[in-house]
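Next up, work.cif (mmCIF, C-alpha atoms):
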```
data_work
loop_
_atom_site.group_PDB
_atom_site.id
_atom_site.type_symbol
_atom_site.label_atom_id
_atom_site.label_comp_id
_atom_site.auth_asym_id
_atom_site.auth_seq_id
_atom_site.Cartn_x
_atom_site.Cartn_y
_atom_site.Cartn_z
ATOM 1 C CA MET A 1 76.594 42.383 -13.675
ATOM 2 C CA LYS A 2 74.288 40.197 -11.616
ATOM 3 C CA LYS A 3 72.528 37.553 -13.709
ATOM 4 C CA ASN A 4 68.783 38.149 -13.887
ATOM 5 C CA LYS A 5 66.220 35.404 -13.333
ATOM 6 C CA TYR A 6 64.308 36.690 -16.370
ATOM 7 C CA PRO A 7 64.951 39.452 -18.896
ATOM 8 C CA ILE A 8 64.124 42.882 -17.480
ATOM 9 C CA LEU A 9 61.857 45.132 -19.542
ATOM 10 C CA TYR A 10 61.744 48.833 -18.744
ATOM 11 C CA SER A 11 58.492 50.142 -20.152
ATOM 12 C CA PHE A 12 56.038 53.013 -20.108
ATOM 13 C CA ARG A 13 52.472 51.933 -20.708
ATOM 14 C CA ARG A 14 51.418 54.663 -23.156
ATOM 15 C CA CYS A 15 54.560 54.753 -25.297
ATOM 16 C CA PRO A 16 53.908 53.227 -28.753
ATOM 17 C CA TYR A 17 57.468 51.906 -28.968
ATOM 18 C CA ALA A 18 57.028 50.150 -25.635
ATOM 19 C CA MET A 19 53.625 48.830 -26.748
ATOM 20 C CA ARG A 20 55.055 47.055 -29.767
ATOM 21 C CA ALA A 21 57.879 45.559 -27.727
ATOM 22 C CA ARG A 22 55.406 44.242 -25.144
ATOM 23 C CA LEU A 23 53.264 42.776 -27.929
ATOM 24 C CA ALA A 24 56.236 40.860 -29.352
ATOM 25 C CA ILE A 25 57.220 39.564 -25.923
ATOM 26 C CA LYS A 26 53.655 38.440 -25.289
ATOM 27 C CA ILE A 27 53.369 36.680 -28.645
ATOM 28 C CA SER A 28 56.748 35.008 -28.060
ATOM 29 C CA GLU A 29 55.528 33.727 -24.669
ATOM 30 C CA ILE A 30 58.627 34.997 -22.871
ATOM 31 C CA PHE A 31 58.588 35.738 -19.145
ATOM 32 C CA VAL A 32 60.063 39.129 -18.280
ATOM 33 C CA GLU A 33 60.433 41.232 -15.187
ATOM 34 C CA ILE A 34 58.360 44.293 -16.016
ATOM 35 C CA ARG A 35 59.574 47.624 -14.677
ATOM 36 C CA GLU A 36 57.065 50.356 -15.401
ATOM 37 C CA ILE A 37 58.713 53.770 -15.213
ATOM 38 C CA MET A 38 57.488 57.341 -15.497
ATOM 39 C CA LEU A 39 59.220 59.296 -18.245
ATOM 40 C CA LYS A 40 58.976 62.476 -16.171
ATOM 41 C CA ASP A 41 60.741 60.777 -13.249
ATOM 42 C CA LYS A 42 63.247 58.311 -14.720
ATOM 43 C CA PRO A 43 65.025 56.191 -12.136
ATOM 44 C CA LEU A 44 68.808 56.491 -11.935
ATOM 45 C CA GLU A 45 69.307 52.751 -12.457
ATOM 46 C CA PHE A 46 67.450 52.998 -15.761
ATOM 47 C CA LEU A 47 69.484 56.014 -16.921
ATOM 48 C CA ASN A 48 72.727 54.282 -15.986
ATOM 49 C CA LEU A 49 71.741 51.381 -18.222
ATOM 50 C CA SER A 50 70.490 53.567 -21.072
ATOM 51 C CA PRO A 51 71.561 57.225 -20.847
ATOM 52 C CA LYS A 52 69.339 58.254 -23.773
ATOM 53 C CA GLY A 53 66.414 57.676 -21.410
ATOM 54 C CA THR A 54 63.825 56.298 -23.830
ATOM 55 C CA VAL A 55 61.717 53.162 -23.553
ATOM 56 C CA PRO A 56 61.589 50.301 -24.106
ATOM 57 C CA VAL A 57 64.874 48.938 -22.811
ATOM 58 C CA LEU A 58 65.436 45.227 -22.319
ATOM 59 C CA VAL A 59 68.212 43.665 -20.270
ATOM 60 C CA THR A 60 68.699 40.007 -21.190
ATOM 61 C CA THR A 61 69.583 37.349 -18.628
ATOM 62 C CA SER A 62 73.195 37.547 -19.854
ATOM 63 C CA GLY A 63 73.240 41.311 -19.253
ATOM 64 C CA LYS A 64 73.013 42.461 -22.871
ATOM 65 C CA ILE A 65 71.115 45.742 -23.205
ATOM 66 C CA LEU A 66 68.666 46.292 -26.082
ATOM 67 C CA GLU A 67 67.620 49.926 -26.399
ATOM 68 C CA GLU A 68 65.485 49.892 -29.566
ATOM 69 C CA SER A 69 61.993 48.440 -29.825
ATOM 70 C CA LEU A 70 62.654 46.700 -33.155
ATOM 71 C CA ASP A 71 65.754 45.043 -31.695
ATOM 72 C CA ILE A 72 63.610 43.766 -28.822
ATOM 73 C CA ILE A 73 60.952 42.532 -31.264
ATOM 74 C CA TYR A 74 63.461 40.573 -33.351
ATOM 75 C CA TRP A 75 65.174 39.261 -30.207
ATOM 76 C CA ALA A 76 61.856 37.890 -28.958
ATOM 77 C CA LEU A 77 60.747 36.430 -32.296
ATOM 78 C CA ASN A 78 64.083 34.741 -32.883
ATOM 79 C CA LYS A 79 63.540 32.938 -29.583
ATOM 80 C CA ASN A 80 59.954 31.922 -30.335
ATOM 81 C CA ASP A 81 57.594 32.875 -33.163
ATOM 82 C CA PRO A 82 54.452 30.765 -32.651
ATOM 83 C CA LYS A 83 52.168 33.190 -34.521
ATOM 84 C CA LYS A 84 54.512 33.395 -37.544
ATOM 85 C CA TRP A 85 55.226 37.114 -37.258
ATOM 86 C CA LEU A 86 58.269 36.569 -39.470
ATOM 87 C CA ALA A 87 56.338 34.760 -42.218
ATOM 88 C CA ASP A 88 56.850 35.754 -45.844
ATOM 89 C CA GLY A 89 54.056 37.722 -47.467
ATOM 90 C CA GLN A 90 53.298 40.296 -50.145
ATOM 91 C CA LEU A 91 56.143 42.555 -48.992
ATOM 92 C CA SER A 92 59.834 41.787 -49.407
ATOM 93 C CA GLN A 93 62.143 42.340 -46.450
ATOM 94 C CA ASN A 94 63.417 45.476 -48.169
ATOM 95 C CA GLN A 95 59.848 46.766 -48.494
ATOM 96 C CA ILE A 96 59.164 46.014 -44.833
ATOM 97 C CA ASN A 97 62.347 47.829 -43.829
ATOM 98 C CA GLN A 98 61.369 50.807 -46.003
ATOM 99 C CA LEU A 99 57.858 50.901 -44.545
ATOM 100 C CA LEU A 100 59.200 50.888 -40.987
ATOM 101 C CA ASP A 101 61.781 53.520 -41.940
ATOM 102 C CA ASN A 102 59.011 55.738 -43.344
ATOM 103 C CA LEU A 103 57.048 55.242 -40.152
ATOM 104 C CA GLU A 104 60.022 56.305 -38.057
ATOM 105 C CA ASN A 105 61.423 59.153 -40.126
ATOM 106 C CA GLU A 106 58.353 60.635 -41.825
ATOM 107 C CA PHE A 107 55.114 59.573 -40.144
ATOM 108 C CA LYS A 108 56.301 59.815 -36.523
ATOM 109 C CA PRO A 109 57.843 63.327 -36.779
ATOM 110 C CA SER A 110 54.631 64.644 -38.350
ATOM 111 C CA LEU A 111 52.566 62.807 -35.746
ATOM 112 C CA ASP A 112 54.530 64.531 -32.985
ATOM 113 C CA LYS A 113 53.915 67.956 -34.520
ATOM 114 C CA TYR A 114 50.227 67.135 -34.918
ATOM 115 C CA LYS A 115 49.818 65.742 -31.399
ATOM 116 C CA TYR A 116 52.140 68.128 -29.543
ATOM 117 C CA PRO A 117 52.207 71.390 -31.583
ATOM 118 C CA ASN A 118 53.070 73.456 -28.503
ATOM 119 C CA ARG A 119 56.403 71.678 -28.251
ATOM 120 C CA PHE A 120 57.496 73.164 -31.572
ATOM 121 C CA GLU A 121 57.883 76.680 -32.908
ATOM 122 C CA SER A 122 55.416 77.941 -35.525
ATOM 123 C CA VAL A 123 53.793 74.602 -36.297
ATOM 124 C CA ASP A 124 50.569 74.150 -38.251
ATOM 125 C CA LYS A 125 49.226 70.946 -36.710
ATOM 126 C CA ASP A 126 46.718 70.338 -39.522
ATOM 127 C CA PHE A 127 49.498 70.558 -42.105
ATOM 128 C CA HIS A 128 51.393 67.790 -40.337
ATOM 129 C CA ARG A 129 48.200 65.795 -39.849
ATOM 130 C CA ASP A 130 47.533 65.903 -43.573
ATOM 131 C CA LYS A 131 51.143 65.066 -44.432
ATOM 132 C CA ASN A 132 50.488 61.623 -42.992
ATOM 133 C CA LEU A 133 47.484 60.876 -45.209
ATOM 134 C CA SER A 134 49.685 59.374 -47.932
ATOM 135 C CA PHE A 135 51.120 56.878 -45.446
ATOM 136 C CA LEU A 136 47.619 55.958 -44.268
ATOM 137 C CA LYS A 137 46.475 55.513 -47.870
ATOM 138 C CA TYR A 138 49.389 53.177 -48.560
ATOM 139 C CA LEU A 139 48.402 51.051 -45.554
ATOM 140 C CA ASP A 140 44.764 51.043 -46.659
ATOM 141 C CA ASP A 141 45.807 49.887 -50.135
ATOM 142 C CA LEU A 142 47.852 47.029 -48.658
ATOM 143 C CA LEU A 143 44.859 45.979 -46.576
ATOM 144 C CA LYS A 144 42.656 45.758 -49.671
ATOM 145 C CA LYS A 145 44.727 42.715 -50.673
ATOM 146 C CA ASN A 146 44.948 40.965 -47.296
ATOM 147 C CA LYS A 147 43.324 41.217 -43.883
ATOM 148 C CA ALA A 148 46.762 42.213 -42.599
ATOM 149 C CA LEU A 149 49.537 44.398 -44.017
ATOM 150 C CA ASN A 150 51.871 41.653 -45.204
ATOM 151 C CA CYS A 151 50.007 38.369 -45.307
ATOM 152 C CA SER A 152 46.750 36.647 -44.419
ATOM 153 C CA HIS A 153 47.447 36.955 -40.694
ATOM 154 C CA LEU A 154 48.779 39.696 -38.439
ATOM 155 C CA SER A 155 52.564 39.763 -38.383
ATOM 156 C CA LEU A 156 55.528 41.882 -37.347
ATOM 157 C CA VAL A 157 54.772 44.833 -39.603
ATOM 158 C CA ASP A 158 51.167 45.107 -38.335
ATOM 159 C CA TYR A 159 52.142 45.186 -34.680
ATOM 160 C CA ALA A 160 55.138 47.460 -35.289
ATOM 161 C CA ILE A 161 52.935 50.076 -37.003
ATOM 162 C CA PHE A 162 49.630 49.713 -35.172
ATOM 163 C CA PRO A 163 50.491 51.661 -31.945
ATOM 164 C CA PHE A 164 51.395 54.748 -33.982
ATOM 165 C CA ILE A 165 48.199 54.647 -36.048
ATOM 166 C CA ARG A 166 46.254 54.304 -32.798
ATOM 167 C CA GLN A 167 48.089 57.335 -31.387
ATOM 168 C CA PHE A 168 47.406 59.307 -34.567
ATOM 169 C CA ARG A 169 43.697 58.522 -34.371
ATOM 170 C CA ASN A 170 43.526 59.492 -30.706
ATOM 171 C CA VAL A 171 44.460 63.089 -31.464
ATOM 172 C CA ASP A 172 41.090 63.613 -33.169
ATOM 173 C CA SER A 173 39.129 60.379 -33.407
ATOM 174 C CA GLU A 174 36.083 62.003 -35.024
ATOM 175 C CA TRP A 175 38.193 63.390 -37.874
ATOM 176 C CA PHE A 176 40.052 60.093 -38.307
ATOM 177 C CA ASP A 177 36.849 58.064 -38.331
ATOM 178 C CA SER A 178 35.474 60.275 -41.117
ATOM 179 C CA LEU A 179 38.327 59.291 -43.458
ATOM 180 C CA ASN A 180 37.588 57.032 -46.380
ATOM 181 C CA PHE A 181 40.113 54.395 -45.333
ATOM 182 C CA ASN A 182 37.702 51.617 -44.472
ATOM 183 C CA PHE A 183 40.183 48.758 -44.650
ATOM 184 C CA LEU A 184 42.620 50.596 -42.402
ATOM 185 C CA LYS A 185 39.925 51.485 -39.867
ATOM 186 C CA LYS A 186 38.674 47.895 -39.698
ATOM 187 C CA TRP A 187 42.244 46.673 -39.150
ATOM 188 C CA LEU A 188 42.866 49.311 -36.470
ATOM 189 C CA PHE A 189 39.657 48.731 -34.510
ATOM 190 C CA GLU A 190 40.135 44.965 -34.509
ATOM 191 C CA LEU A 191 43.643 45.388 -33.113
ATOM 192 C CA ILE A 192 42.475 47.866 -30.467
ATOM 193 C CA ASP A 193 39.815 45.378 -29.316
ATOM 194 C CA SER A 194 42.091 42.336 -29.456
ATOM 195 C CA ASN A 195 42.976 40.327 -26.376
ATOM 196 C CA ASP A 196 46.654 40.729 -27.235
ATOM 197 C CA PHE A 197 46.479 44.505 -27.042
ATOM 198 C CA LEU A 198 44.219 44.595 -23.997
ATOM 199 C CA SER A 199 46.569 42.272 -22.119
ATOM 200 C CA ILE A 200 49.710 44.346 -22.744
ATOM 201 C CA MET A 201 47.901 47.505 -21.634
ATOM 202 C CA LYS A 202 47.377 46.250 -18.103
ATOM 203 C CA LYS A 203 48.488 48.859 -15.554
ATOM 204 C CA TYR A 204 51.494 48.106 -13.373
ATOM 205 C CA GLU A 205 52.690 49.906 -10.289
ATOM 206 C CA LYS A 206 55.512 52.370 -10.876
ATOM 207 C CA TRP A 207 58.793 50.546 -10.419
ATOM 208 C CA GLU A 208 61.028 51.407 -7.489
ATOM 209 C CA PRO A 209 64.354 49.684 -6.736
ATOM 210 C CA THR A 210 62.935 48.456 -3.431
ATOM 211 C CA ASN A 211 59.888 46.820 -5.063
ATOM 212 C CA ALA A 212 59.468 43.068 -5.259
ATOM 213 C CA PRO A 213 59.960 41.936 -8.897
ATOM 214 C CA ILE A 214 56.855 41.572 -11.084
ATOM 215 C CA TYR A 215 57.136 38.738 -13.603
ATOM 216 C CA THR A 216 54.739 38.481 -16.523
ATOM 217 C CA LYS A 217 54.051 37.007 -19.961
ATOM 218 C CA PHE A 218 51.270 39.601 -20.471
ATOM 219 C CA LEU A 219 48.501 37.021 -20.337
#
```
Rendering of file as structure tokens:
Amino acid sequence: MKKNKYPILYSFRRCPYAMRARLAIKISEIFVEIREIMLKDKPLEFLNLSPKGTVPVLVTTSGKILEESLDIIYWALNKNDPKKWLADGQLSQNQINQLLDNLENEFKPSLDKYKYPNRFESVDKDFHRDKNLSFLKYLDDLLKKNKALNCSHLSLVDYAIFPFIRQFRNVDSEWFDSLNFNFLKKWLFELIDSNDFLSIMKKYEKWEPTNAPIYTKFL
């Protein structure tokens, strides 16, 4: 495989998994070649690299392929962690792993049924919306102790979870904003308005194999 000048990141702007990978790459101050793809029109080169066809996918300069957003996050932070995303805090590593597992295997499936009920058979979207209230309450309780989920500053667990809470709110922002989770809402709105998030949400031209490479640190 041809050696890349910089790692290649296949991304889709609105995907929460891709968002958290871009955030980690930005925080780690790593240059990447960004390749923005459309999930409804996935390029063959991308599918050859990662047949499961989901983003993000990162190809390192040595040719190693990372197909999971958390793998990309840890890869980036192990290279450079200037904002101390990996700092110890109120949660043990086992608790962090459990929280992220709950996000992936409980919160996200209910979020999908709430956001896209027409994709499923006989789904009560409000039932799945309300199933996620216990997860939101747990986050709100953590934020009563600190301004961030794990410690006094934003860290890995905040950025790994934030895009999904944002997506959940976007389904019905008026309903979400009426919830009595004031610590969670403050945390969410500050992240939405942050320069870090705004910078990784910049729009890029759809990638085509004939395009000139676009290199970025998401500044």
ask   = Mind telling me what the PyMOL selection byres ((chain A and resi 9) around 9) catches here, as a list in words?
value =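 Applied to this file, the PyMOL selection byres ((chain A and resi 9) around 9) returns Pro7, Ile8, Tyr10, Ser11, Arg22, Val32, Glu33, Ile34, Arg35, Glu36, Val55, Pro56, Val57, Leu58, Val59 and Thr60 of chain A.
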request  = Please indicate the distance in Å from CA of Asp112 (chain A) to CA of Arg129 (chain A), rounded to one decimal place.
outcome  = 9.4 Å
key: From A:Glu67, A:Ile73, A:Tyr116, A:Ile214, residue lying nearest Leu47 (chain A) [all atoms listed in the file]   =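 Using all atoms listed in the file, the shortest distance to Leu47 (chain A) belongs to A:Glu67.
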query = Using the chain letters and numbers from the file, which residues does the PyMOL selection byres ((chain A and resi 100-107) around 9) grab, as a VMD selection string?
reply = chain A and resid 95 to 99 108 to 112 131 to 132 135 157 160 to 161 164
task = Would you please work out which residue, of A:Ile200, A:Pro43, A:Ser134, A:Leu142, is nearest to Ala18 (chain A) when using only C-alpha atoms?
result = A:Ile200
message = What does the structure give for the distance between CA of Asp88 (chain A) and CA of Ser155 (chain A), in Å to one decimal?
response = 9.5 Å
Centre, x/y/z edge lengths, axis-aligned box for region 187-206 of chain A with 8 Å per side, as lines of an AutoDock Vina configuration file:
```
center_x = 47.6
center_y = 46.3
center_z = -24.7
size_x = 31.9
size_y = 28.0
size_z = 44.9
```
Name the residues captured by the PyMOL selection byres ((chain A and resi 126) around 10) when it is applied to the shown file; answer as a compact mmCIF listing (two decimals) with C-alpha atoms, keeping the file's coordinate frame.
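selection_17.txt, freshly written:
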```txt
# COMPACT_ATOMS: atom_id res chain seq x y z
CA SER A 110 54.63 64.64 -38.35
CA LYS A 113 53.92 67.96 -34.52
CA TYR A 114 50.23 67.14 -34.92
CA LYS A 115 49.82 65.74 -31.40
CA PRO A 117 52.21 71.39 -31.58
CA VAL A 123 53.79 74.60 -36.30
CA ASP A 124 50.57 74.15 -38.25
CA LYS A 125 49.23 70.95 -36.71
CA PHE A 127 49.50 70.56 -42.10
CA HIS A 128 51.39 67.79 -40.34
CA ARG A 129 48.20 65.80 -39.85
CA ASP A 130 47.53 65.90 -43.57
CA LYS A 131 51.14 65.07 -44.43
```
task = Please measure the separation of CA of Lys147 (chain A) and CA of Phe181 (chain A), giving the value in Å to one decimal.
result =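 We find that CA of Lys147 (chain A) and CA of Phe181 (chain A) lie 13.6 Å from each other.
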message = Taking 4 positions as the minimum chain separation for residues in the same chain, which residues sit within 10 Å of Leu149 (chain A) when counting all atoms listed in the file? Answer as an NGL selection string.
response = :A and (89-91 or 96 or 138-145 or 153-159 or 161 or 184 or 187)
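Distances here use only C-alpha atoms; by that measure, the residue among A:Leu23, A:Ser122, A:Lys64, A:Gly53 closest to Ile37 (chain A) is A:Gly53.
Closest approach to Leu179 (chain A) from the set A:Met201, A:Leu219, A:Leu133, A:Ile72 is made by A:Leu133, with distances taken over only C-alpha atoms.
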